[in-house]
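Enquirer: As input, take query_7.cif (mmCIF, C-alpha atoms; chains and numbers go by the auth columns):
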data_work
loop_
_atom_site.group_PDB
_atom_site.id
_atom_site.type_symbol
_atom_site.label_atom_id
_atom_site.label_comp_id
_atom_site.label_asym_id
_atom_site.label_seq_id
_atom_site.Cartn_x
_atom_site.Cartn_y
_atom_site.Cartn_z
_atom_site.B_iso_or_equiv
_atom_site.auth_seq_id
_atom_site.auth_asym_id
ATOM 1 C CA MET A 1 9.637 3.782 -16.945 0.00 1 A
ATOM 2 C CA LEU A 2 8.196 4.341 -20.409 0.00 2 A
ATOM 3 C CA THR A 3 5.475 1.734 -20.350 0.00 3 A
ATOM 4 C CA PRO A 4 3.087 0.897 -17.488 0.00 4 A
ATOM 5 C CA SER A 5 4.276 -1.908 -15.242 0.00 5 A
ATOM 6 C CA ASN A 6 2.653 -5.347 -15.273 0.00 6 A
ATOM 7 C CA TYR A 7 3.048 -5.361 -11.465 0.00 7 A
ATOM 8 C CA SER A 8 1.381 -3.462 -8.649 0.00 8 A
ATOM 9 C CA ALA A 9 1.651 -3.365 -4.859 0.00 9 A
ATOM 10 C CA VAL A 10 -1.227 -3.479 -2.393 0.00 10 A
ATOM 11 C CA ILE A 11 -1.402 -3.159 1.379 0.00 11 A
ATOM 12 C CA ILE A 12 -4.490 -4.647 2.995 0.00 12 A
ATOM 13 C CA LYS A 13 -5.011 -2.620 6.150 0.00 13 A
ATOM 14 C CA PRO A 14 -5.495 -3.658 9.793 0.00 14 A
ATOM 15 C CA ASP A 15 -9.229 -2.896 9.675 0.00 15 A
ATOM 16 C CA ALA A 16 -9.625 -5.626 7.034 0.00 16 A
ATOM 17 C CA HIS A 17 -7.730 -8.034 9.307 0.00 17 A
ATOM 18 C CA ARG A 18 -9.966 -7.083 12.219 0.00 18 A
ATOM 19 C CA ASP A 19 -13.079 -7.865 10.197 0.00 19 A
ATOM 20 C CA VAL A 20 -11.627 -11.094 8.702 0.00 20 A
ATOM 21 C CA LEU A 21 -11.806 -9.800 5.115 0.00 21 A
ATOM 22 C CA VAL A 22 -8.249 -10.393 3.881 0.00 22 A
ATOM 23 C CA GLU A 23 -8.883 -13.657 2.030 0.00 23 A
ATOM 24 C CA MET A 24 -12.050 -12.301 0.431 0.00 24 A
ATOM 25 C CA ILE A 25 -10.260 -9.167 -0.774 0.00 25 A
ATOM 26 C CA ILE A 26 -7.458 -11.246 -2.292 0.00 26 A
ATOM 27 C CA GLN A 27 -10.046 -13.486 -3.944 0.00 27 A
ATOM 28 C CA ASP A 28 -11.774 -10.425 -5.408 0.00 28 A
ATOM 29 C CA MET A 29 -8.450 -9.221 -6.822 0.00 29 A
ATOM 30 C CA GLU A 30 -7.759 -12.609 -8.371 0.00 30 A
ATOM 31 C CA ASN A 31 -11.322 -12.972 -9.666 0.00 31 A
ATOM 32 C CA GLY A 32 -10.782 -9.602 -11.352 0.00 32 A
ATOM 33 C CA GLY A 33 -7.884 -11.034 -13.349 0.00 33 A
ATOM 34 C CA LEU A 34 -4.843 -10.279 -11.181 0.00 34 A
ATOM 35 C CA VAL A 35 -2.359 -12.928 -10.057 0.00 35 A
ATOM 36 C CA THR A 36 -0.812 -12.843 -6.578 0.00 36 A
ATOM 37 C CA ILE A 37 2.908 -13.447 -7.005 0.00 37 A
ATOM 38 C CA PHE A 38 3.982 -12.473 -3.490 0.00 38 A
ATOM 39 C CA ARG A 39 2.257 -12.138 -0.136 0.00 39 A
ATOM 40 C CA LYS A 40 3.316 -11.563 3.440 0.00 40 A
ATOM 41 C CA ASP A 41 1.769 -10.394 6.693 0.00 41 A
ATOM 42 C CA GLU A 42 3.638 -7.724 8.596 0.00 42 A
ATOM 43 C CA VAL A 43 3.340 -5.130 11.338 0.00 43 A
ATOM 44 C CA LEU A 44 4.466 -1.739 10.055 0.00 44 A
ATOM 45 C CA SER A 45 6.570 0.665 12.070 0.00 45 A
ATOM 46 C CA ARG A 46 5.652 4.334 12.279 0.00 46 A
ATOM 47 C CA LYS A 47 8.503 5.206 9.890 0.00 47 A
ATOM 48 C CA GLU A 48 7.336 2.642 7.330 0.00 48 A
ATOM 49 C CA ALA A 49 3.803 3.999 7.541 0.00 49 A
ATOM 50 C CA GLU A 50 5.147 7.519 7.011 0.00 50 A
ATOM 51 C CA ARG A 51 7.054 6.370 3.932 0.00 51 A
ATOM 52 C CA ILE A 52 3.934 4.796 2.472 0.00 52 A
ATOM 53 C CA TYR A 53 2.018 8.058 2.753 0.00 53 A
ATOM 54 C CA ALA A 54 4.910 10.473 2.189 0.00 54 A
ATOM 55 C CA GLU A 55 3.094 12.154 -0.705 0.00 55 A
ATOM 56 C CA HIS A 56 0.343 13.206 1.733 0.00 56 A
ATOM 57 C CA ARG A 57 2.733 14.975 4.114 0.00 57 A
ATOM 58 C CA GLY A 58 1.336 18.377 4.982 0.00 58 A
ATOM 59 C CA THR A 59 -2.257 17.496 4.081 0.00 59 A
ATOM 60 C CA PRO A 60 -5.101 17.386 6.633 0.00 60 A
ATOM 61 C CA HIS A 61 -5.499 13.594 6.215 0.00 61 A
ATOM 62 C CA TYR A 62 -1.784 12.700 6.524 0.00 62 A
ATOM 63 C CA GLU A 63 -1.944 11.587 10.161 0.00 63 A
ATOM 64 C CA THR A 64 -5.158 9.591 9.742 0.00 64 A
ATOM 65 C CA SER A 65 -3.716 7.836 6.666 0.00 65 A
ATOM 66 C CA ILE A 66 -0.660 6.770 8.682 0.00 66 A
ATOM 67 C CA ARG A 67 -2.823 5.554 11.553 0.00 67 A
ATOM 68 C CA SER A 68 -4.958 3.542 9.127 0.00 68 A
ATOM 69 C CA VAL A 69 -1.965 1.303 8.278 0.00 69 A
ATOM 70 C CA GLU A 70 -0.459 1.330 11.779 0.00 70 A
ATOM 71 C CA GLY A 71 -3.645 -0.087 13.289 0.00 71 A
ATOM 72 C CA ASP A 72 -4.273 -0.168 17.021 0.00 72 A
ATOM 73 C CA LYS A 73 -3.202 -2.328 19.982 0.00 73 A
ATOM 74 C CA GLU A 74 -5.461 -5.236 19.018 0.00 74 A
ATOM 75 C CA ASN A 75 -5.142 -5.041 15.216 0.00 75 A
ATOM 76 C CA ARG A 76 -1.751 -4.128 13.780 0.00 76 A
ATOM 77 C CA SER A 77 -1.161 -6.602 10.952 0.00 77 A
ATOM 78 C CA VAL A 78 -1.211 -5.650 7.302 0.00 78 A
ATOM 79 C CA THR A 79 -0.986 -7.956 4.310 0.00 79 A
ATOM 80 C CA PHE A 80 1.416 -6.871 1.594 0.00 80 A
ATOM 81 C CA LEU A 81 0.761 -8.166 -1.925 0.00 81 A
ATOM 82 C CA ILE A 82 2.523 -7.963 -5.247 0.00 82 A
ATOM 83 C CA LEU A 83 0.005 -8.505 -8.030 0.00 83 A
ATOM 84 C CA LYS A 84 0.606 -9.189 -11.700 0.00 84 A
ATOM 85 C CA SER A 85 -1.689 -8.295 -14.572 0.00 85 A
ATOM 86 C CA GLU A 86 -1.491 -10.463 -17.678 0.00 86 A
ATOM 87 C CA VAL A 87 -3.068 -7.649 -19.734 0.00 87 A
ATOM 88 C CA GLY A 88 -0.582 -4.931 -18.745 0.00 88 A
ATOM 89 C CA ASP A 89 -0.918 -1.746 -16.661 0.00 89 A
ATOM 90 C CA ALA A 90 -1.335 -3.572 -13.374 0.00 90 A
ATOM 91 C CA LEU A 91 -1.818 -0.356 -11.399 0.00 91 A
ATOM 92 C CA LYS A 92 -4.785 0.736 -13.498 0.00 92 A
ATOM 93 C CA HIS A 93 -6.228 -2.782 -13.277 0.00 93 A
ATOM 94 C CA THR A 94 -5.725 -2.896 -9.492 0.00 94 A
ATOM 95 C CA ASN A 95 -7.335 0.512 -8.990 0.00 95 A
ATOM 96 C CA GLN A 96 -10.371 -0.539 -11.021 0.00 96 A
ATOM 97 C CA ILE A 97 -10.879 -3.540 -8.743 0.00 97 A
ATOM 98 C CA LYS A 98 -10.165 -1.449 -5.611 0.00 98 A
ATOM 99 C CA GLY A 99 -12.859 1.059 -6.558 0.00 99 A
ATOM 100 C CA ARG A 100 -14.052 3.751 -4.152 0.00 100 A
ATOM 101 C CA SER A 101 -16.002 3.486 -0.951 0.00 101 A
ATOM 102 C CA ASP A 102 -18.824 5.577 -2.408 0.00 102 A
ATOM 103 C CA ILE A 103 -19.038 4.014 -5.873 0.00 103 A
ATOM 104 C CA GLY A 104 -17.934 0.409 -6.274 0.00 104 A
ATOM 105 C CA GLY A 105 -15.195 -2.183 -6.096 0.00 105 A
ATOM 106 C CA VAL A 106 -13.559 -3.693 -3.027 0.00 106 A
ATOM 107 C CA ARG A 107 -13.759 -0.494 -0.970 0.00 107 A
ATOM 108 C CA PHE A 108 -17.490 -0.163 -1.563 0.00 108 A
ATOM 109 C CA LYS A 109 -18.204 -3.871 -1.118 0.00 109 A
ATOM 110 C CA TYR A 110 -16.482 -4.102 2.268 0.00 110 A
ATOM 111 C CA ARG A 111 -17.071 -0.647 3.755 0.00 111 A
ATOM 112 C CA ARG A 112 -18.610 -0.683 7.209 0.00 112 A
ATOM 113 C CA PHE A 113 -20.578 2.552 6.886 0.00 113 A
ATOM 114 C CA SER A 114 -20.921 5.388 4.415 0.00 114 A
ATOM 115 C CA ARG A 115 -19.704 8.866 5.333 0.00 115 A
ATOM 116 C CA LYS A 116 -23.324 9.968 5.860 0.00 116 A
ATOM 117 C CA GLU A 117 -24.026 6.992 8.157 0.00 117 A
ATOM 118 C CA MET A 118 -20.913 7.794 10.215 0.00 118 A
ATOM 119 C CA GLU A 119 -21.897 11.447 10.484 0.00 119 A
ATOM 120 C CA ASP A 120 -25.383 10.365 11.599 0.00 120 A
ATOM 121 C CA MET A 121 -23.732 8.205 14.284 0.00 121 A
ATOM 122 C CA GLY A 122 -21.922 11.277 15.591 0.00 122 A
ATOM 123 C CA TYR A 123 -18.510 10.974 13.944 0.00 123 A
ATOM 124 C CA SER A 124 -16.928 14.290 13.025 0.00 124 A
ATOM 125 C CA GLY A 125 -13.549 15.971 12.667 0.00 125 A
ATOM 126 C CA GLU A 126 -10.477 13.787 13.155 0.00 126 A
ATOM 127 C CA ASN A 127 -12.520 10.776 14.311 0.00 127 A
ATOM 128 C CA LEU A 128 -14.536 10.866 11.092 0.00 128 A
ATOM 129 C CA MET A 129 -11.365 11.221 8.996 0.00 129 A
ATOM 130 C CA LEU A 130 -9.783 8.249 10.777 0.00 130 A
ATOM 131 C CA GLU A 131 -12.817 6.056 10.165 0.00 131 A
ATOM 132 C CA LEU A 132 -12.915 7.078 6.503 0.00 132 A
ATOM 133 C CA ALA A 133 -9.204 6.258 6.182 0.00 133 A
ATOM 134 C CA LYS A 134 -9.913 2.710 7.341 0.00 134 A
ATOM 135 C CA ASN A 135 -10.887 1.760 3.832 0.00 135 A
ATOM 136 C CA ARG A 136 -9.558 -1.785 3.730 0.00 136 A
ATOM 137 C CA LEU A 137 -6.593 -1.320 1.380 0.00 137 A
ATOM 138 C CA HIS A 138 -3.938 1.035 0.077 0.00 138 A
ATOM 139 C CA VAL A 139 -2.827 1.074 -3.546 0.00 139 A
ATOM 140 C CA PRO A 140 0.005 3.460 -4.521 0.00 140 A
ATOM 141 C CA ASP A 141 -0.972 6.186 -6.966 0.00 141 A
ATOM 142 C CA SER A 142 1.825 5.606 -9.517 0.00 142 A
ATOM 143 C CA ASP A 143 4.164 2.900 -10.799 0.00 143 A
ATOM 144 C CA TYR A 144 7.019 4.869 -9.235 0.00 144 A
ATOM 145 C CA ARG A 145 5.424 4.667 -5.774 0.00 145 A
ATOM 146 C CA SER A 146 4.405 1.053 -6.317 0.00 146 A
ATOM 147 C CA LEU A 147 7.995 0.029 -7.093 0.00 147 A
ATOM 148 C CA GLY A 148 9.184 2.085 -4.112 0.00 148 A
ATOM 149 C CA LEU A 149 6.771 0.260 -1.827 0.00 149 A
ATOM 150 C CA ILE A 150 7.856 -3.135 -3.167 0.00 150 A
ATOM 151 C CA ASN A 151 11.517 -2.241 -2.646 0.00 151 A
ATOM 152 C CA MET A 152 10.743 -1.118 0.905 0.00 152 A
ATOM 153 C CA MET A 153 8.794 -4.231 1.851 0.00 153 A
ATOM 154 C CA LEU A 154 11.065 -6.949 0.422 0.00 154 A
ATOM 155 C CA SER A 155 13.954 -8.454 2.382 0.00 155 A
ATOM 156 C CA ASP A 156 17.145 -9.415 0.534 0.00 156 A
ATOM 157 C CA SER A 157 16.132 -13.082 0.376 0.00 157 A
ATOM 158 C CA GLU A 158 12.657 -12.159 -0.880 0.00 158 A
ATOM 159 C CA ARG A 159 14.230 -9.976 -3.587 0.00 159 A
ATOM 160 C CA GLU A 160 16.378 -12.912 -4.642 0.00 160 A
ATOM 161 C CA ASN A 161 13.278 -15.077 -4.854 0.00 161 A
ATOM 162 C CA ILE A 162 11.629 -12.422 -7.058 0.00 162 A
ATOM 163 C CA ARG A 163 14.761 -12.339 -9.233 0.00 163 A
ATOM 164 C CA LEU A 164 14.403 -16.048 -9.926 0.00 164 A
ATOM 165 C CA ARG A 165 10.623 -16.172 -10.339 0.00 165 A
ATOM 166 C CA GLU A 166 9.793 -12.778 -11.877 0.00 166 A
ATOM 167 C CA PRO A 167 12.883 -11.436 -13.678 0.00 167 A
ATOM 168 C CA GLU A 168 10.847 -8.689 -15.370 0.00 168 A
ATOM 169 C CA LEU A 169 9.783 -7.284 -11.992 0.00 169 A
ATOM 170 C CA TYR A 170 13.291 -7.674 -10.582 0.00 170 A
ATOM 171 C CA LYS A 171 14.656 -5.613 -13.463 0.00 171 A
ATOM 172 C CA GLU A 172 12.105 -2.845 -12.771 0.00 172 A
ATOM 173 C CA LEU A 173 13.018 -2.885 -9.077 0.00 173 A
ATOM 174 C CA GLU A 174 16.716 -2.580 -9.895 0.00 174 A
ATOM 175 C CA ILE A 175 16.095 0.347 -12.237 0.00 175 A
ATOM 176 C CA TRP A 176 14.095 2.060 -9.482 0.00 176 A
ATOM 177 C CA ARG A 177 16.824 1.443 -6.914 0.00 177 A
ATOM 178 C CA ASN A 178 19.545 2.710 -9.213 0.00 178 A
ATOM 179 C CA GLU A 179 17.573 5.892 -9.870 0.00 179 A
ATOM 180 C CA ASN A 180 16.794 6.317 -6.163 0.00 180 A
ATOM 181 C CA ARG A 181 19.921 5.743 -4.175 0.00 181 A
ATOM 182 C CA GLU A 182 18.262 8.011 -1.666 0.00 182 A
ATOM 183 C CA ILE A 183 14.510 7.591 -1.524 0.00 183 A
ATOM 184 C CA LYS A 184 12.876 10.676 -2.969 0.00 184 A
ATOM 185 C CA LEU A 185 9.492 9.867 -1.466 0.00 185 A
ATOM 186 C CA LEU A 186 10.563 11.507 1.752 0.00 186 A
ATOM 187 C CA PRO A 187 10.600 15.156 2.688 0.00 187 A
ATOM 188 C CA GLU A 188 13.521 17.493 3.200 0.00 188 A
ATOM 189 C CA ASN A 189 14.325 16.107 6.652 0.00 189 A
ATOM 190 C CA LYS A 190 18.000 15.112 6.314 0.00 190 A
ATOM 191 C CA GLU A 191 18.007 12.730 9.273 0.00 191 A
ATOM 192 C CA LEU A 192 15.006 10.826 7.912 0.00 192 A
ATOM 193 C CA ARG A 193 16.508 10.770 4.445 0.00 193 A
ATOM 194 C CA LYS A 194 19.724 9.272 5.819 0.00 194 A
ATOM 195 C CA GLU A 195 17.722 6.473 7.437 0.00 195 A
ATOM 196 C CA MET A 196 15.863 5.784 4.190 0.00 196 A
ATOM 197 C CA LYS A 197 18.918 5.204 2.026 0.00 197 A
ATOM 198 C CA ILE A 198 18.569 2.036 -0.027 0.00 198 A
ATOM 199 C CA ARG A 199 20.735 -0.707 1.396 0.00 199 A
#
Here is the file; what I need is its structure written in the form of structure tokens.
Expert:
Amino acid sequence: MLTPSNYSAVIIKPDAHRDVLVEMIIQDMENGGLVTIFRKDEVLSRKEAERIYAEHRGTPHYETSIRSVEGDKENRSVTFLILKSEVGDALKHTNQIKGRSDIGGVRFKYRRFSRKEMEDMGYSGENLMLELAKNRLHVPDSDYRSLGLINMMLSDSERENIRLREPELYKELEIWRNENREIKLLPENKELRKEMKIR
């Protein structure tokens, strides 16, 4: 894709559901100038969570990132959003509103504790990493990954609805699918790659 997309994907994580923050986060996104064109609540499977964080495979925080979108027994729901920016480069716009937990934006506004506060409470190692990964929302780091996430999350009927309502986005999704008959986000595991083939 030569120009930045006007669309971005967001996953609001289970910890935001637990703390009843979903509507406020969406309102913050919309107050920041983004338009919600699609929304659904879902429980992600382990394989879906792995696909979302495939680029982190092999890193120390890979497992905690996956667990942050899987949730726990009591809180498993995520909210998936497709947002549109009327001023272009939706991903850049979305990331500005998302911010960072130590600086500003949605992550800072709704964080439970800072890293220092968690360390003072006794969190360390994997437990600290897991708590830090519960940072309210996930935004893909590129248009390529954003379109991949949208393609993964939409059912056939939802794609058809997008085709009718947002033909520009539908065209981008089709280009992505045509270039990715086999999802490249996944590692060299042939069995997993077979499962991830685009339908």
Enquirer: Counting all atoms listed in the file, note down every residue that has an atom within 7 Å of the point (-5.6, 2.9, 9.7) (file coordinates), as number ranges by chain.
Expert: A: 13-15, 64-71, 130, 133-134
Enquirer: Could those selected residues go to a file with C-alpha atoms, as a PDB file, in the frame of the given file?
Expert:
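Output saved as out-v8.pdb:
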ATOM      1  CA  LYS A  13      -5.011  -2.620   6.150  1.00  0.00           C
ATOM      2  CA  PRO A  14      -5.495  -3.658   9.793  1.00  0.00           C
ATOM      3  CA  ASP A  15      -9.229  -2.896   9.675  1.00  0.00           C
ATOM      4  CA  THR A  64      -5.158   9.591   9.742  1.00  0.00           C
ATOM      5  CA  SER A  65      -3.716   7.836   6.666  1.00  0.00           C
ATOM      6  CA  ILE A  66      -0.660   6.770   8.682  1.00  0.00           C
ATOM      7  CA  ARG A  67      -2.823   5.554  11.553  1.00  0.00           C
ATOM      8  CA  SER A  68      -4.958   3.542   9.127  1.00  0.00           C
ATOM      9  CA  VAL A  69      -1.965   1.303   8.278  1.00  0.00           C
ATOM     10  CA  GLU A  70      -0.459   1.330  11.779  1.00  0.00           C
ATOM     11  CA  GLY A  71      -3.645  -0.087  13.289  1.00  0.00           C
ATOM     12  CA  LEU A 130      -9.783   8.249  10.777  1.00  0.00           C
ATOM     13  CA  ALA A 133      -9.204   6.258   6.182  1.00  0.00           C
ATOM     14  CA  LYS A 134      -9.913   2.710   7.341  1.00  0.00           C
TER      15      LYS A 134
END
Enquirer: So how many Å separate CA of Met129 in chain A and CA of Ile52 in chain A, to one decimal?
Expert: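 These atoms are spaced 17.8 Å apart.
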Enquirer: Each residue of range 128-147 of chain A with at least one atom at most 12 Å from range 94-97 of chain A should appear once, together with its nearest atom pair and the corresponding distance in Å (one decimal); atoms considered: all atoms listed in the file; ordering: chain, then increasing residue number; output as a Markdown table.
Expert:
| residue | atom | partner | partner_atom | distance |
| --- | --- | --- | --- | --- |
| A:Leu137 | CA | A:Asn95 | CA | 10.6 |
| A:His138 | CA | A:Asn95 | CA | 9.7 |
| A:Val139 | CA | A:Asn95 | CA | 7.1 |
| A:Pro140 | CA | A:Asn95 | CA | 9.1 |
| A:Asp141 | CA | A:Asn95 | CA | 8.8 |
| A:Ser142 | CA | A:Asn95 | CA | 10.5 |
| A:Asp143 | CA | A:Thr94 | CA | 11.5 |
| A:Ser146 | CA | A:Thr94 | CA | 11.3 |
Enquirer: Evaluating the PyMOL selection byres ((chain A and resi 166-173) around 9) on the displayed file yields which residues, as a list in words?
Expert: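 So the PyMOL selection byres ((chain A and resi 166-173) around 9), applied here, picks out Met1, Ser5, Asn6, Tyr7, Ile37, Leu147, Gly148, Ile150, Asn151, Arg159, Glu160, Asn161, Ile162, Arg163, Leu164, Arg165, Glu174, Ile175, Trp176, Arg177 and Asn178 of chain A.
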Enquirer: So what does the PyMOL selection byres ((chain A and resi 72-81) around 8) actually pick up in this one, as a compact mmCIF listing (two decimals) with C-alpha atoms, in the coordinates of the input?
Expert:
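Listed below is the output, out.txt:
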# COMPACT_ATOMS: atom_id res chain seq x y z
CA ALA A 9 1.65 -3.36 -4.86
CA VAL A 10 -1.23 -3.48 -2.39
CA ILE A 11 -1.40 -3.16 1.38
CA ILE A 12 -4.49 -4.65 3.00
CA LYS A 13 -5.01 -2.62 6.15
CA PRO A 14 -5.50 -3.66 9.79
CA ASP A 15 -9.23 -2.90 9.68
CA HIS A 17 -7.73 -8.03 9.31
CA ARG A 18 -9.97 -7.08 12.22
CA VAL A 22 -8.25 -10.39 3.88
CA THR A 36 -0.81 -12.84 -6.58
CA ILE A 37 2.91 -13.45 -7.00
CA PHE A 38 3.98 -12.47 -3.49
CA ARG A 39 2.26 -12.14 -0.14
CA LYS A 40 3.32 -11.56 3.44
CA ASP A 41 1.77 -10.39 6.69
CA GLU A 42 3.64 -7.72 8.60
CA VAL A 43 3.34 -5.13 11.34
CA LEU A 44 4.47 -1.74 10.06
CA VAL A 69 -1.96 1.30 8.28
CA GLU A 70 -0.46 1.33 11.78
CA GLY A 71 -3.64 -0.09 13.29
CA ILE A 82 2.52 -7.96 -5.25
CA LEU A 83 0.00 -8.51 -8.03
CA MET A 153 8.79 -4.23 1.85
Enquirer: In Å, how far is it from CA of Arg136 in chain A to CA of Arg107 in chain A?
Expert: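 Pair CA of Arg136 in chain A / CA of Arg107 in chain A returns 6.4 Å.
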Enquirer: List the residues matched by the PyMOL selection byres ((chain A and resi 109-120) around 10) in the displayed structure as a ChimeraX atom specification, ordered by chain and then by residue number.
Expert: /A:15-16,19,21,24-25,98-108,121-125,127-129,131-132,134-136
Enquirer: Between CA of Val35 in chain A and CA of Lys84 in chain A, what is the distance, to one decimal in Å?
Expert: 5.0 Å
Enquirer: Pick the closest to Val87 in chain A from A:Leu34, A:Tyr53, A:Glu63, A:Leu154: which is it, counting all atoms listed in the file?
Expert: A:Leu34
Enquirer: Which one of A:Glu179, A:Met152, A:Gly32, A:Ala90 sits closest to Lys47 in chain A if you count all atoms listed in the file?
Expert: A:Met152
Enquirer: Around range 98-115 of chain A, fit a box with edges along x, y and z, padding it by 4 Å on each side, then list its centre and edge lengths in Å to one decimal as AutoDock Vina command-line options.
Expert:
--center_x -15.5 --center_y 2.4 --center_z 0.3 --size_x 18.8 --size_y 21.0 --size_z 21.8
